[in-house]
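Trainee: Input structure: start23.pdb, which contains PDB, C-alpha atoms.
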```pdb
MODEL        1
ATOM      1  CA  MET P   2     -19.044   7.240 -28.928  1.00  0.00           C
ATOM      2  CA  LEU P   3     -16.079   7.029 -26.506  1.00  0.00           C
ATOM      3  CA  ALA P   4     -17.560   9.800 -24.393  1.00  0.00           C
ATOM      4  CA  ASP P   5     -20.749   7.749 -24.022  1.00  0.00           C
ATOM      5  CA  ILE P   6     -18.754   4.708 -22.863  1.00  0.00           C
ATOM      6  CA  ALA P   7     -16.854   6.762 -20.298  1.00  0.00           C
ATOM      7  CA  VAL P   8     -20.122   8.049 -18.861  1.00  0.00           C
ATOM      8  CA  CYS P   9     -21.439   4.484 -18.502  1.00  0.00           C
ATOM      9  CA  ALA P  10     -18.266   3.105 -16.889  1.00  0.00           C
ATOM     10  CA  PRO P  11     -18.663   2.692 -13.133  1.00  0.00           C
ATOM     11  CA  LEU P  12     -16.428   4.846 -10.997  1.00  0.00           C
ATOM     12  CA  ARG P  13     -13.995   2.826  -8.925  1.00  0.00           C
ATOM     13  CA  PRO P  14     -13.765   4.038  -5.367  1.00  0.00           C
ATOM     14  CA  THR P  15     -10.384   5.404  -4.388  1.00  0.00           C
ATOM     15  CA  LEU P  16      -8.585   3.658  -1.565  1.00  0.00           C
ATOM     16  CA  VAL P  17      -6.539   5.948   0.646  1.00  0.00           C
ATOM     17  CA  VAL P  18      -4.093   4.590   3.221  1.00  0.00           C
ATOM     18  CA  ARG P  19      -3.149   7.171   5.822  1.00  0.00           C
ATOM     19  CA  ASP P  20      -2.226   7.555   9.472  1.00  0.00           C
ATOM     20  CA  ALA P  21      -5.168   6.594  11.670  1.00  0.00           C
ATOM     21  CA  THR P  22      -6.734   9.383  13.729  1.00  0.00           C
ATOM     22  CA  ASP P  23      -8.910   9.529  16.829  1.00  0.00           C
ATOM     23  CA  ASP P  24     -11.884   9.972  14.495  1.00  0.00           C
ATOM     24  CA  ASP P  25     -11.150   6.529  12.986  1.00  0.00           C
ATOM     25  CA  LEU P  26     -11.151   4.678  16.303  1.00  0.00           C
ATOM     26  CA  SER P  27     -14.849   3.868  16.403  1.00  0.00           C
ATOM     27  CA  ALA P  28     -14.650   2.100  13.041  1.00  0.00           C
ATOM     28  CA  ILE P  29     -11.296   0.484  13.892  1.00  0.00           C
ATOM     29  CA  THR P  30     -12.698  -0.800  17.180  1.00  0.00           C
ATOM     30  CA  ALA P  31     -15.730  -2.275  15.376  1.00  0.00           C
ATOM     31  CA  ILE P  32     -13.568  -3.951  12.713  1.00  0.00           C
ATOM     32  CA  TYR P  33     -11.317  -5.468  15.344  1.00  0.00           C
ATOM     33  CA  ALA P  34     -14.267  -6.564  17.502  1.00  0.00           C
ATOM     34  CA  HIS P  35     -15.671  -8.448  14.515  1.00  0.00           C
ATOM     35  CA  HIS P  36     -12.383 -10.317  14.062  1.00  0.00           C
ATOM     36  CA  VAL P  37     -12.101 -11.073  17.780  1.00  0.00           C
ATOM     37  CA  LEU P  38     -15.665 -12.398  17.999  1.00  0.00           C
ATOM     38  CA  HIS P  39     -15.946 -14.223  14.679  1.00  0.00           C
ATOM     39  CA  GLY P  40     -12.451 -14.904  13.377  1.00  0.00           C
ATOM     40  CA  THR P  41      -9.163 -16.463  14.317  1.00  0.00           C
ATOM     41  CA  ALA P  42      -6.711 -13.812  13.104  1.00  0.00           C
ATOM     42  CA  SER P  43      -6.615 -12.490  16.656  1.00  0.00           C
ATOM     43  CA  PHE P  44      -6.388 -14.810  19.618  1.00  0.00           C
ATOM     44  CA  GLU P  45      -8.063 -12.278  21.902  1.00  0.00           C
ATOM     45  CA  LEU P  46     -11.332 -13.665  23.208  1.00  0.00           C
ATOM     46  CA  ALA P  47     -13.113 -10.446  24.209  1.00  0.00           C
ATOM     47  CA  PRO P  48     -13.048  -7.259  22.125  1.00  0.00           C
ATOM     48  CA  PRO P  49     -11.141  -4.387  23.722  1.00  0.00           C
ATOM     49  CA  SER P  50     -12.939  -1.128  24.423  1.00  0.00           C
ATOM     50  CA  ALA P  51     -12.518   1.999  22.328  1.00  0.00           C
ATOM     51  CA  ALA P  52     -10.386   3.446  25.150  1.00  0.00           C
ATOM     52  CA  ASP P  53      -8.136   0.366  25.040  1.00  0.00           C
ATOM     53  CA  MET P  54      -7.799   0.680  21.263  1.00  0.00           C
ATOM     54  CA  GLN P  55      -6.950   4.361  21.607  1.00  0.00           C
ATOM     55  CA  ALA P  56      -4.271   3.589  24.206  1.00  0.00           C
ATOM     56  CA  ARG P  57      -2.787   0.919  21.920  1.00  0.00           C
ATOM     57  CA  ARG P  58      -2.693   3.315  18.968  1.00  0.00           C
ATOM     58  CA  LEU P  59      -1.048   6.066  21.022  1.00  0.00           C
ATOM     59  CA  ASP P  60       1.564   3.646  22.386  1.00  0.00           C
ATOM     60  CA  ILE P  61       2.458   2.502  18.867  1.00  0.00           C
ATOM     61  CA  ALA P  62       2.627   6.083  17.562  1.00  0.00           C
ATOM     62  CA  GLN P  63       4.861   7.150  20.479  1.00  0.00           C
ATOM     63  CA  GLN P  64       7.331   4.446  19.443  1.00  0.00           C
ATOM     64  CA  GLY P  65       7.521   5.935  15.947  1.00  0.00           C
ATOM     65  CA  LEU P  66       5.750   2.964  14.381  1.00  0.00           C
ATOM     66  CA  PRO P  67       2.928   3.198  11.828  1.00  0.00           C
ATOM     67  CA  TYR P  68      -0.739   2.793  12.733  1.00  0.00           C
ATOM     68  CA  LEU P  69      -2.731   3.180   9.526  1.00  0.00           C
ATOM     69  CA  ALA P  70      -6.323   3.367   8.332  1.00  0.00           C
ATOM     70  CA  ALA P  71      -7.554   2.336   4.882  1.00  0.00           C
ATOM     71  CA  VAL P  72     -10.390   4.583   3.764  1.00  0.00           C
ATOM     72  CA  ILE P  73     -12.790   4.446   0.817  1.00  0.00           C
ATOM     73  CA  ASP P  74     -15.200   7.352   0.380  1.00  0.00           C
ATOM     74  CA  GLU P  75     -14.420   8.511   3.933  1.00  0.00           C
ATOM     75  CA  VAL P  76     -15.322   5.101   5.407  1.00  0.00           C
ATOM     76  CA  VAL P  77     -12.657   3.131   7.270  1.00  0.00           C
ATOM     77  CA  VAL P  78     -12.445  -0.289   5.596  1.00  0.00           C
ATOM     78  CA  GLY P  79      -9.339  -1.610   7.313  1.00  0.00           C
ATOM     79  CA  PHE P  80      -6.402  -0.813   9.525  1.00  0.00           C
ATOM     80  CA  ALA P  81      -2.867  -2.030  10.071  1.00  0.00           C
ATOM     81  CA  TYR P  82       0.048  -1.313  12.328  1.00  0.00           C
ATOM     82  CA  ALA P  83       3.474  -2.494  13.375  1.00  0.00           C
ATOM     83  CA  THR P  84       4.666  -3.172  16.895  1.00  0.00           C
ATOM     84  CA  ARG P  85       8.024  -4.029  18.300  1.00  0.00           C
ATOM     85  CA  TYR P  86       8.460  -7.786  18.139  1.00  0.00           C
ATOM     86  CA  ARG P  87       9.641  -8.136  21.737  1.00  0.00           C
ATOM     87  CA  PRO P  88      10.730  -5.684  24.446  1.00  0.00           C
ATOM     88  CA  ARG P  89      14.283  -6.932  25.024  1.00  0.00           C
ATOM     89  CA  PRO P  90      16.931  -4.666  23.455  1.00  0.00           C
ATOM     90  CA  ALA P  91      18.393  -7.279  21.101  1.00  0.00           C
ATOM     91  CA  TYR P  92      15.025  -7.366  19.265  1.00  0.00           C
ATOM     92  CA  ARG P  93      14.913  -3.581  18.731  1.00  0.00           C
ATOM     93  CA  HIS P  94      15.408  -3.847  14.952  1.00  0.00           C
ATOM     94  CA  THR P  95      12.511  -6.276  14.439  1.00  0.00           C
ATOM     95  CA  VAL P  96       8.826  -5.437  14.147  1.00  0.00           C
ATOM     96  CA  GLU P  97       5.611  -7.418  13.773  1.00  0.00           C
ATOM     97  CA  ASP P  98       2.751  -6.378  11.525  1.00  0.00           C
ATOM     98  CA  SER P  99      -1.008  -6.687  12.050  1.00  0.00           C
ATOM     99  CA  ILE P 100      -3.710  -6.146   9.407  1.00  0.00           C
ATOM    100  CA  TYR P 101      -7.499  -6.190   9.735  1.00  0.00           C
ATOM    101  CA  VAL P 102     -10.025  -5.589   6.962  1.00  0.00           C
ATOM    102  CA  ALA P 103     -13.693  -4.765   7.522  1.00  0.00           C
ATOM    103  CA  PRO P 104     -16.294  -7.495   7.030  1.00  0.00           C
ATOM    104  CA  GLY P 105     -17.307  -7.725   3.377  1.00  0.00           C
ATOM    105  CA  GLN P 106     -14.124  -5.983   2.176  1.00  0.00           C
ATOM    106  CA  ALA P 107     -11.774  -8.971   1.887  1.00  0.00           C
ATOM    107  CA  GLY P 108     -10.330  -9.762  -1.526  1.00  0.00           C
ATOM    108  CA  LYS P 109     -10.343  -6.169  -2.746  1.00  0.00           C
ATOM    109  CA  GLY P 110      -6.630  -5.446  -2.260  1.00  0.00           C
ATOM    110  CA  ILE P 111      -7.108  -3.443   0.933  1.00  0.00           C
ATOM    111  CA  GLY P 112      -4.904  -5.706   3.059  1.00  0.00           C
ATOM    112  CA  GLY P 113      -2.127  -5.589   0.459  1.00  0.00           C
ATOM    113  CA  HIS P 114      -2.182  -1.790   0.322  1.00  0.00           C
ATOM    114  CA  LEU P 115      -2.061  -1.613   4.095  1.00  0.00           C
ATOM    115  CA  LEU P 116       0.769  -4.129   4.370  1.00  0.00           C
ATOM    116  CA  ARG P 117       2.873  -2.476   1.646  1.00  0.00           C
ATOM    117  CA  THR P 118       2.522   0.868   3.422  1.00  0.00           C
ATOM    118  CA  VAL P 119       3.485  -0.622   6.801  1.00  0.00           C
ATOM    119  CA  ILE P 120       6.530  -2.218   5.137  1.00  0.00           C
ATOM    120  CA  GLU P 121       7.532   1.087   3.490  1.00  0.00           C
ATOM    121  CA  ARG P 122       7.159   3.047   6.731  1.00  0.00           C
ATOM    122  CA  CYS P 123       9.090   0.527   8.807  1.00  0.00           C
ATOM    123  CA  THR P 124      11.860   0.320   6.216  1.00  0.00           C
ATOM    124  CA  ALA P 125      12.134   4.126   6.201  1.00  0.00           C
ATOM    125  CA  GLY P 126      12.221   4.036  10.018  1.00  0.00           C
ATOM    126  CA  GLY P 127      15.309   1.830  10.002  1.00  0.00           C
ATOM    127  CA  TRP P 128      13.831  -1.474  11.153  1.00  0.00           C
ATOM    128  CA  ARG P 129      15.508  -4.503   9.581  1.00  0.00           C
ATOM    129  CA  GLN P 130      13.138  -7.457   9.932  1.00  0.00           C
ATOM    130  CA  MET P 131       9.369  -7.778   9.897  1.00  0.00           C
ATOM    131  CA  LEU P 132       7.498 -10.752  11.255  1.00  0.00           C
ATOM    132  CA  ALA P 133       3.934 -11.829  10.690  1.00  0.00           C
ATOM    133  CA  VAL P 134       2.390 -14.055  13.337  1.00  0.00           C
ATOM    134  CA  VAL P 135      -0.596 -15.327  11.377  1.00  0.00           C
ATOM    135  CA  GLY P 136      -3.337 -16.591  13.647  1.00  0.00           C
ATOM    136  CA  ASP P 137      -4.739 -19.919  12.460  1.00  0.00           C
ATOM    137  CA  SER P 138      -3.000 -21.955   9.781  1.00  0.00           C
ATOM    138  CA  ALA P 139      -6.285 -21.912   7.822  1.00  0.00           C
ATOM    139  CA  ASN P 140      -6.087 -18.113   7.399  1.00  0.00           C
ATOM    140  CA  ALA P 141      -5.444 -18.353   3.645  1.00  0.00           C
ATOM    141  CA  GLY P 142      -6.054 -14.660   2.956  1.00  0.00           C
ATOM    142  CA  SER P 143      -3.444 -13.451   5.427  1.00  0.00           C
ATOM    143  CA  LEU P 144      -0.924 -16.078   4.352  1.00  0.00           C
ATOM    144  CA  ALA P 145      -1.411 -15.078   0.697  1.00  0.00           C
ATOM    145  CA  VAL P 146      -1.127 -11.313   1.205  1.00  0.00           C
ATOM    146  CA  HIS P 147       2.046 -11.767   3.236  1.00  0.00           C
ATOM    147  CA  ALA P 148       3.547 -14.073   0.592  1.00  0.00           C
ATOM    148  CA  ARG P 149       2.721 -11.524  -2.145  1.00  0.00           C
ATOM    149  CA  CYS P 150       4.561  -8.899  -0.104  1.00  0.00           C
ATOM    150  CA  GLY P 151       7.736 -10.957   0.169  1.00  0.00           C
ATOM    151  CA  PHE P 152       7.244 -12.828   3.440  1.00  0.00           C
ATOM    152  CA  VAL P 153       8.356 -16.448   3.667  1.00  0.00           C
ATOM    153  CA  PRO P 154       7.157 -19.049   6.171  1.00  0.00           C
ATOM    154  CA  VAL P 155       9.711 -19.668   8.900  1.00  0.00           C
ATOM    155  CA  GLY P 156       7.780 -21.869  11.292  1.00  0.00           C
ATOM    156  CA  THR P 157       4.523 -23.185  12.641  1.00  0.00           C
ATOM    157  CA  LEU P 158       3.583 -23.174  16.289  1.00  0.00           C
ATOM    158  CA  ARG P 159       1.121 -26.053  16.560  1.00  0.00           C
ATOM    159  CA  SER P 160      -2.014 -25.806  18.686  1.00  0.00           C
ATOM    160  CA  VAL P 161      -0.849 -22.787  20.713  1.00  0.00           C
ATOM    161  CA  GLY P 162      -4.258 -21.102  20.872  1.00  0.00           C
ATOM    162  CA  PHE P 163      -7.705 -22.422  21.732  1.00  0.00           C
ATOM    163  CA  LYS P 164     -10.503 -20.400  20.171  1.00  0.00           C
ATOM    164  CA  HIS P 165     -14.015 -21.152  18.914  1.00  0.00           C
ATOM    165  CA  GLY P 166     -13.797 -24.658  20.346  1.00  0.00           C
ATOM    166  CA  GLU P 167     -10.670 -25.702  18.455  1.00  0.00           C
ATOM    167  CA  TRP P 168      -6.918 -25.693  18.851  1.00  0.00           C
ATOM    168  CA  ARG P 169      -5.303 -23.141  16.513  1.00  0.00           C
ATOM    169  CA  ASP P 170      -1.824 -22.929  15.042  1.00  0.00           C
ATOM    170  CA  THR P 171       0.102 -19.784  14.318  1.00  0.00           C
ATOM    171  CA  ILE P 172       2.261 -19.479  11.239  1.00  0.00           C
ATOM    172  CA  LEU P 173       5.402 -17.363  11.507  1.00  0.00           C
ATOM    173  CA  MET P 174       6.427 -15.488   8.356  1.00  0.00           C
ATOM    174  CA  GLN P 175       9.350 -13.110   7.904  1.00  0.00           C
ATOM    175  CA  ARG P 176      10.811 -10.640   5.440  1.00  0.00           C
ATOM    176  CA  SER P 177      13.852  -8.411   5.523  1.00  0.00           C
ATOM    177  CA  LEU P 178      13.517  -4.640   5.469  1.00  0.00           C
ATOM    178  CA  GLY P 179      16.133  -2.439   3.828  1.00  0.00           C
ATOM    179  CA  ASP P 180      19.587  -3.985   4.317  1.00  0.00           C
ATOM    180  CA  GLY P 181      18.104  -6.698   6.524  1.00  0.00           C
ATOM    181  CA  ASP P 182      20.914  -8.729   8.030  1.00  0.00           C
ATOM    182  CA  ARG P 183      23.449  -7.893   5.277  1.00  0.00           C
ATOM    183  CA  ALA P 184      24.918  -5.073   7.361  1.00  0.00           C
ATOM    184  CA  PRO P 185      25.014  -4.084  11.036  1.00  0.00           C
ATOM    185  CA  PRO P 186      22.284  -1.713  12.206  1.00  0.00           C
ATOM    186  CA  VAL P 187      23.000   1.977  12.349  1.00  0.00           C
TER     187      VAL P 187
ENDMDL
END
```
In structure tokens, write the structure found in this file.

Mentor:
Amino acid sequence: MLADIAVCAPLRPTLVVRDATDDDLSAITAIYAHHVLHGTASFELAPPSAADMQARRLDIAQQGLPYLAAVIDEVVVGFAYATRYRPRPAYRHTVEDSIYVAPGQAGKGIGGHLLRTVIERCTAGGWRQMLAVVGDSANAGSLAVHARCGFVPVGTLRSVGFKHGEWRDTILMQRSLGDGDRAPPV
């Protein structure tokens, strides 16, 4: 009887989070374009080209920062990366994360897997603080996934972006990585 039940149970697709490759860029570009055109997570107004996305990925990788793809059954369903927070040397121990999930894939844990992996990679790389600059204070999904991963709100920038005919806030969230500010950087 148990064997019959196992046969009837649906197979759950396996989510794999890995380094993004050139082969992933078409899907990554499409996912990002959707968010640029229809969402408020990004304050870009026109989607970047595939060549622009490739240049961004290579720049991030050359800095030793993670640029990841989430894949289910060989289909890219999301991507995430970290960038340096600001270029001035005093900020060199702080990074900012970005996460985008494909349309129709929200609420399935993909963003959380991506964010946890970015956090792990940045911690292993020696960075000490991670910031999330969440576009639009109504972005409940992003605020929730960051809170579940240990980020706390540290500020709101009111009406700093104008997109889709409305003023948009950004919410700043932060979490420590590794020793955080409890010890000087190495």

Trainee: Apply the PyMOL selection byres ((chain P and resi 123) around 12) to the file shown and report the selected residues as a count of residues only.

Mentor: 35

Trainee: Please identify all polymer residues within 12 Å of segment 143-148 of chain P, counting all atoms listed in the file, omitting same-chain residues fewer than 2 positions from it, and present them as an MDAnalysis selection string.

Mentor: chainID P and resid 41:43 97:102 107:117 119:120 131:141 150:155 171:176

Trainee: Within 10 Å of Pro14 of chain P, counting only C-alpha atoms, which residues qualify if same-chain residues fewer than 6 places away don't, as a list in words?

Mentor: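 Final neighbour list, sorted by chain and number: Val72, Ile73 and Asp74 of chain P.
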
Trainee: Under the PyMOL selection byres ((chain P and resi 31) around 12), which residues of this model are included? Write them out as a PDB file with C-alpha atoms, keeping the file's coordinate frame.

Mentor:
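Okay, expr-v8.pdb is ready:
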```
ATOM      1  CA  ASP P  25     -11.150   6.529  12.986  1.00  0.00           C
ATOM      2  CA  LEU P  26     -11.151   4.678  16.303  1.00  0.00           C
ATOM      3  CA  SER P  27     -14.849   3.868  16.403  1.00  0.00           C
ATOM      4  CA  ALA P  28     -14.650   2.100  13.041  1.00  0.00           C
ATOM      5  CA  ILE P  29     -11.296   0.484  13.892  1.00  0.00           C
ATOM      6  CA  THR P  30     -12.698  -0.800  17.180  1.00  0.00           C
ATOM      7  CA  ILE P  32     -13.568  -3.951  12.713  1.00  0.00           C
ATOM      8  CA  TYR P  33     -11.317  -5.468  15.344  1.00  0.00           C
ATOM      9  CA  ALA P  34     -14.267  -6.564  17.502  1.00  0.00           C
ATOM     10  CA  HIS P  35     -15.671  -8.448  14.515  1.00  0.00           C
ATOM     11  CA  HIS P  36     -12.383 -10.317  14.062  1.00  0.00           C
ATOM     12  CA  VAL P  37     -12.101 -11.073  17.780  1.00  0.00           C
ATOM     13  CA  LEU P  38     -15.665 -12.398  17.999  1.00  0.00           C
ATOM     14  CA  HIS P  39     -15.946 -14.223  14.679  1.00  0.00           C
ATOM     15  CA  PRO P  48     -13.048  -7.259  22.125  1.00  0.00           C
ATOM     16  CA  PRO P  49     -11.141  -4.387  23.722  1.00  0.00           C
ATOM     17  CA  SER P  50     -12.939  -1.128  24.423  1.00  0.00           C
ATOM     18  CA  ALA P  51     -12.518   1.999  22.328  1.00  0.00           C
ATOM     19  CA  MET P  54      -7.799   0.680  21.263  1.00  0.00           C
ATOM     20  CA  VAL P  77     -12.657   3.131   7.270  1.00  0.00           C
ATOM     21  CA  VAL P  78     -12.445  -0.289   5.596  1.00  0.00           C
ATOM     22  CA  GLY P  79      -9.339  -1.610   7.313  1.00  0.00           C
ATOM     23  CA  PHE P  80      -6.402  -0.813   9.525  1.00  0.00           C
ATOM     24  CA  TYR P 101      -7.499  -6.190   9.735  1.00  0.00           C
ATOM     25  CA  VAL P 102     -10.025  -5.589   6.962  1.00  0.00           C
ATOM     26  CA  ALA P 103     -13.693  -4.765   7.522  1.00  0.00           C
ATOM     27  CA  PRO P 104     -16.294  -7.495   7.030  1.00  0.00           C
TER      28      PRO P 104
END
```

Trainee: Could you tell me how far atom CA of Tyr86 of chain P sits from atom CA of Thr22 of chain P, in Å to one decimal place?

Mentor: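 Atom-to-atom, atom CA of Thr22 of chain P to atom CA of Tyr86 of chain P, that is 23.3 Å.
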
Trainee: Atom CA of Ala71 of chain P to atom CA of Gly162 of chain P: how many Å, to one decimal?

Mentor: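 Pair atom CA of Ala71 of chain P / atom CA of Gly162 of chain P returns 28.6 Å.
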
Trainee: One number please: atom CA of Pro88 of chain P to atom CA of Glu45 of chain P, in Å, one decimal.

Mentor: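 Atom CA of Glu45 of chain P lies 20.1 Å from atom CA of Pro88 of chain P.
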
Trainee: Between P:His165, P:Ala70, P:Asp182, P:Arg149, which one has atoms that come closest to Val17 of chain P, using all atoms listed in the file?

Mentor: P:Ala70

Trainee: Quick one: 5 Å padding each side, axis-aligned, all listed atoms of segment 42-45 of chain P - centre and edge lengths in Å to one decimal, as JSON?

Mentor:
```
{"center_x": -7.2, "center_y": -13.5, "center_z": 17.5, "size_x": 11.7, "size_y": 12.5, "size_z": 18.8}
```

Trainee: With distances taken over all atoms listed in the file, which of P:Arg87, P:Val76, P:Leu158, P:Phe163 is nearest to Leu16 of chain P?

Mentor: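 Among the listed residues, P:Val76 lies closest to Leu16 of chain P.
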